[in-house]
Each structure stands twice: as structure tokens, then as C-alpha cells.
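Visitor: Here it is, the structure, as C-alpha cells.
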Amino acid sequence: MQAFILIQTEVGKAATIASEIAKITGVRTAEDVIGPYDVIVRVSADEVAPVVHEIRQVAGITRTLTCDVPEKSANKN
């Protein structure tokens with residue numbers, strides 16, 4: 001299963017949070033971005049929920065939005 005997690009952070013913490021999240025097992029990419037969200041994470045794991053739970057424990061995150069990717073349209077990369 002794959003998902004994208006859109007994250008809003010406290011001001012000035014996006015790069016640090018993205019770096020910390022990138023170390024979590026199941027996270028494929030974690031990038032700090034400019035826009036309504038501060039960090040975009042790509043997760044590829046058998047179960048996304050435990051990875052999301054671990055991400056939400058990172059200090060400085062104010063909000064998350066998880067977008068599951070349907071298996072039939074998931075890129076195999």
C-alpha cells in the first residue's frame with residue numbers, strides 16, 4: 001500500500017521535520033515544500049496506519065492529511 005501524507009508544521013521547522021521523518025521505516029520520501037503544506041511524505045508499507053502514527057509523534061507537526069493511493073493506480077517505483 002502507498003500513501004501521501006501532507007503535513008503542516010510550526011513555523012521554521014519543515015526542513016528539520018522532513019529530515020526526521022525520512023528516517024522512519026516505511027517512509028520512501030519526505031520533502032519540505034512551499035505551499036499550504038510544509039512537508040510531503042510518500043509512504044510505502046504493508047500497513048500505512050502504524051507509519052502515520054509514528055509520523056504524528058514527531059514534535060512540531062500541527063496537522064496531517066493522509067491520501068491513500070489505490071493499488072490499481074499505484075506507481076510500482
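Convention: chains lettered A, B, ... in C-alpha cells order; per-chain residue numbering from 1; ligands numbered from 1 as shown.
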Which residues, written as a list in words, have at least one atom at most 7 Å from A:Ile40, with only C-alpha atoms counted and residues fewer than 5 positions away on the same chain left out?

Guide: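 The neighbour list is Phe4, Ile5, Leu6, Ile7, Ala30, Glu31 and Asp32 of chain A.
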
Visitor: Using DSSP on the backbone, list every residue of chain A that comes out as helix (DSSP H, G or I), and give them as a VMD selection string.

Guide: chain A and resid 14 to 21 48 to 56 71 to 73

Visitor: So that I have them on file, write out the residues from the current selection with all heavy atoms, as a short mmCIF file (atom, residue, chain, number, x, y, z; two decimals), in the first residue's frame.

Guide:
```
data_model
loop_
_atom_site.label_atom_id
_atom_site.label_comp_id
_atom_site.auth_asym_id
_atom_site.auth_seq_id
_atom_site.Cartn_x
_atom_site.Cartn_y
_atom_site.Cartn_z
N ALA A 14 9.97 22.96 9.04
CA ALA A 14 9.68 21.99 7.97
C ALA A 14 10.89 21.15 7.59
O ALA A 14 10.78 19.92 7.49
CB ALA A 14 9.11 22.71 6.75
N ALA A 15 12.03 21.76 7.37
CA ALA A 15 13.21 21.01 6.93
C ALA A 15 13.66 20.00 7.99
O ALA A 15 13.99 18.85 7.67
CB ALA A 15 14.35 21.96 6.58
N THR A 16 13.66 20.42 9.24
CA THR A 16 14.06 19.54 10.34
C THR A 16 13.09 18.36 10.47
O THR A 16 13.51 17.21 10.63
CB THR A 16 14.12 20.32 11.66
OG1 THR A 16 15.04 21.39 11.51
CG2 THR A 16 14.56 19.43 12.81
N ILE A 17 11.81 18.65 10.37
CA ILE A 17 10.79 17.60 10.49
C ILE A 17 10.89 16.63 9.32
O ILE A 17 10.81 15.42 9.50
CB ILE A 17 9.39 18.23 10.62
CG1 ILE A 17 9.26 18.87 12.01
CG2 ILE A 17 8.29 17.20 10.38
CD1 ILE A 17 8.02 19.71 12.21
N ALA A 18 11.07 17.14 8.10
CA ALA A 18 11.21 16.27 6.93
C ALA A 18 12.40 15.33 7.09
O ALA A 18 12.32 14.14 6.80
CB ALA A 18 11.34 17.10 5.66
N SER A 19 13.49 15.86 7.60
CA SER A 19 14.69 15.05 7.81
C SER A 19 14.45 13.95 8.84
O SER A 19 14.88 12.80 8.67
CB SER A 19 15.84 15.95 8.26
OG SER A 19 17.00 15.21 8.50
N GLU A 20 13.74 14.29 9.91
CA GLU A 20 13.44 13.31 10.95
C GLU A 20 12.49 12.23 10.44
O GLU A 20 12.67 11.04 10.69
CB GLU A 20 12.85 14.02 12.17
CG GLU A 20 12.70 13.12 13.37
CD GLU A 20 12.32 13.88 14.63
OE1 GLU A 20 12.52 15.11 14.69
OE2 GLU A 20 11.81 13.21 15.56
N ILE A 21 11.48 12.65 9.70
CA ILE A 21 10.50 11.70 9.16
C ILE A 21 11.15 10.75 8.15
O ILE A 21 10.80 9.57 8.08
CB ILE A 21 9.32 12.46 8.54
CG1 ILE A 21 8.47 13.10 9.64
CG2 ILE A 21 8.45 11.52 7.68
CD1 ILE A 21 7.38 14.02 9.14
N VAL A 48 -0.14 1.28 6.37
CA VAL A 48 0.20 2.69 6.43
C VAL A 48 -0.08 3.27 7.81
O VAL A 48 0.65 4.12 8.31
CB VAL A 48 -0.54 3.48 5.33
CG1 VAL A 48 -0.37 4.97 5.49
CG2 VAL A 48 -0.06 3.03 3.95
N ALA A 49 -1.14 2.80 8.47
CA ALA A 49 -1.57 3.39 9.75
C ALA A 49 -0.45 3.45 10.80
O ALA A 49 -0.28 4.49 11.44
CB ALA A 49 -2.79 2.65 10.29
N PRO A 50 0.34 2.39 11.03
CA PRO A 50 1.41 2.49 12.03
C PRO A 50 2.46 3.53 11.67
O PRO A 50 3.00 4.19 12.55
CB PRO A 50 2.01 1.08 12.07
CG PRO A 50 0.98 0.18 11.49
CD PRO A 50 0.21 1.02 10.52
N VAL A 51 2.75 3.67 10.37
CA VAL A 51 3.73 4.66 9.94
C VAL A 51 3.18 6.06 10.19
O VAL A 51 3.89 6.94 10.69
CB VAL A 51 4.11 4.46 8.46
CG1 VAL A 51 5.11 5.51 8.00
CG2 VAL A 51 4.66 3.06 8.22
N VAL A 52 1.92 6.27 9.86
CA VAL A 52 1.28 7.57 10.10
C VAL A 52 1.30 7.89 11.60
O VAL A 52 1.60 9.01 11.99
CB VAL A 52 -0.16 7.59 9.55
CG1 VAL A 52 -0.88 8.86 9.97
CG2 VAL A 52 -0.14 7.46 8.03
N HIS A 53 1.01 6.91 12.41
CA HIS A 53 1.02 7.11 13.87
C HIS A 53 2.41 7.55 14.33
O HIS A 53 2.53 8.47 15.14
CB HIS A 53 0.59 5.84 14.60
CG HIS A 53 0.63 5.97 16.07
ND1 HIS A 53 -0.29 6.69 16.78
CD2 HIS A 53 1.51 5.50 16.99
CE1 HIS A 53 0.02 6.67 18.06
NE2 HIS A 53 1.10 5.94 18.21
N GLU A 54 3.45 6.92 13.81
CA GLU A 54 4.81 7.29 14.20
C GLU A 54 5.16 8.70 13.71
O GLU A 54 5.79 9.47 14.43
CB GLU A 54 5.81 6.27 13.64
CG GLU A 54 7.19 6.44 14.20
CD GLU A 54 8.13 5.30 13.84
OE1 GLU A 54 7.68 4.24 13.35
OE2 GLU A 54 9.35 5.47 14.06
N ILE A 55 4.73 9.03 12.51
CA ILE A 55 4.98 10.38 11.98
C ILE A 55 4.32 11.42 12.86
O ILE A 55 4.90 12.46 13.16
CB ILE A 55 4.48 10.48 10.52
CG1 ILE A 55 5.42 9.70 9.59
CG2 ILE A 55 4.35 11.94 10.08
CD1 ILE A 55 4.91 9.54 8.18
N ARG A 56 3.12 11.16 13.31
CA ARG A 56 2.38 12.13 14.13
C ARG A 56 3.02 12.36 15.50
O ARG A 56 2.69 13.33 16.18
CB ARG A 56 0.94 11.68 14.31
CG ARG A 56 0.13 11.81 13.05
CD ARG A 56 -1.30 11.41 13.26
NE ARG A 56 -2.07 11.60 12.05
CZ ARG A 56 -3.20 10.98 11.81
NH1 ARG A 56 -3.71 10.15 12.70
NH2 ARG A 56 -3.85 11.21 10.68
N GLU A 71 -4.45 0.81 -5.14
CA GLU A 71 -3.47 -0.15 -5.66
C GLU A 71 -3.43 -0.16 -7.18
O GLU A 71 -2.37 -0.24 -7.77
CB GLU A 71 -3.76 -1.55 -5.14
CG GLU A 71 -3.35 -1.77 -3.70
CD GLU A 71 -1.88 -1.57 -3.46
OE1 GLU A 71 -1.04 -2.01 -4.27
OE2 GLU A 71 -1.54 -0.95 -2.44
N LYS A 72 -4.56 -0.06 -7.84
CA LYS A 72 -4.57 -0.15 -9.30
C LYS A 72 -3.88 1.04 -9.96
O LYS A 72 -3.44 0.95 -11.08
CB LYS A 72 -5.99 -0.32 -9.84
CG LYS A 72 -6.90 0.84 -9.57
CD LYS A 72 -8.27 0.56 -10.10
CE LYS A 72 -9.19 1.71 -9.77
NZ LYS A 72 -10.54 1.46 -10.18
N SER A 73 -3.77 2.18 -9.24
CA SER A 73 -3.10 3.33 -9.84
C SER A 73 -1.76 3.62 -9.18
O SER A 73 -1.12 4.59 -9.51
CB SER A 73 -4.01 4.56 -9.74
OG SER A 73 -4.26 4.89 -8.40
#
```

Visitor: Go through chain A and collect every residue that DSSP, computed from the backbone, puts in strand (DSSP E or B); the answer should be as a list of chain:residue names.

Guide: A:Gln2, A:Ala3, A:Phe4, A:Ile5, A:Leu6, A:Ile7, A:Gln8, A:Thr9, A:Val27, A:Arg28, A:Thr29, A:Ala30, A:Glu31, A:Asp32, A:Val39, A:Ile40, A:Val41, A:Arg42, A:Val43, A:Ser44, A:Ile61, A:Thr62, A:Arg63, A:Thr64, A:Leu65, A:Thr66, A:Cys67, A:Asp68, A:Val69

Visitor: Quick one: pull the distance between atom CA of A:Lys13 and atom CA of A:Ala45, Å, one decimal.

Guide: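 Computing it gives 25.6 Å between the two atoms.
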
Visitor: Would you mind reading off the distance between atom CA of A:Gly12 and atom CA of A:Arg28, one decimal, in Å?

Guide: 23.0 Å

Visitor: Which residues, written as a list in words, have at least one atom at most 6 Å from A:Thr9, with only C-alpha atoms counted and residues fewer than 3 positions away on the same chain left out?

Guide: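 So the residues in contact are Gly60, Ile61 and Thr62 of chain A.
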
Visitor: Please report the interatomic distance between atom CA of A:Ile34 and atom CA of A:Glu47 in Å with one decimal.

Guide: 28.3 Å

Visitor: Using only C-alpha atoms, pick whichever of A:Ala22, A:Asp68, A:Ala3, A:Val11 has the shortest atom-to-atom distance to A:Asp38.

Guide: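 Among A:Ala22, A:Asp68, A:Ala3, A:Val11, it is A:Val11 that comes nearest to A:Asp38.
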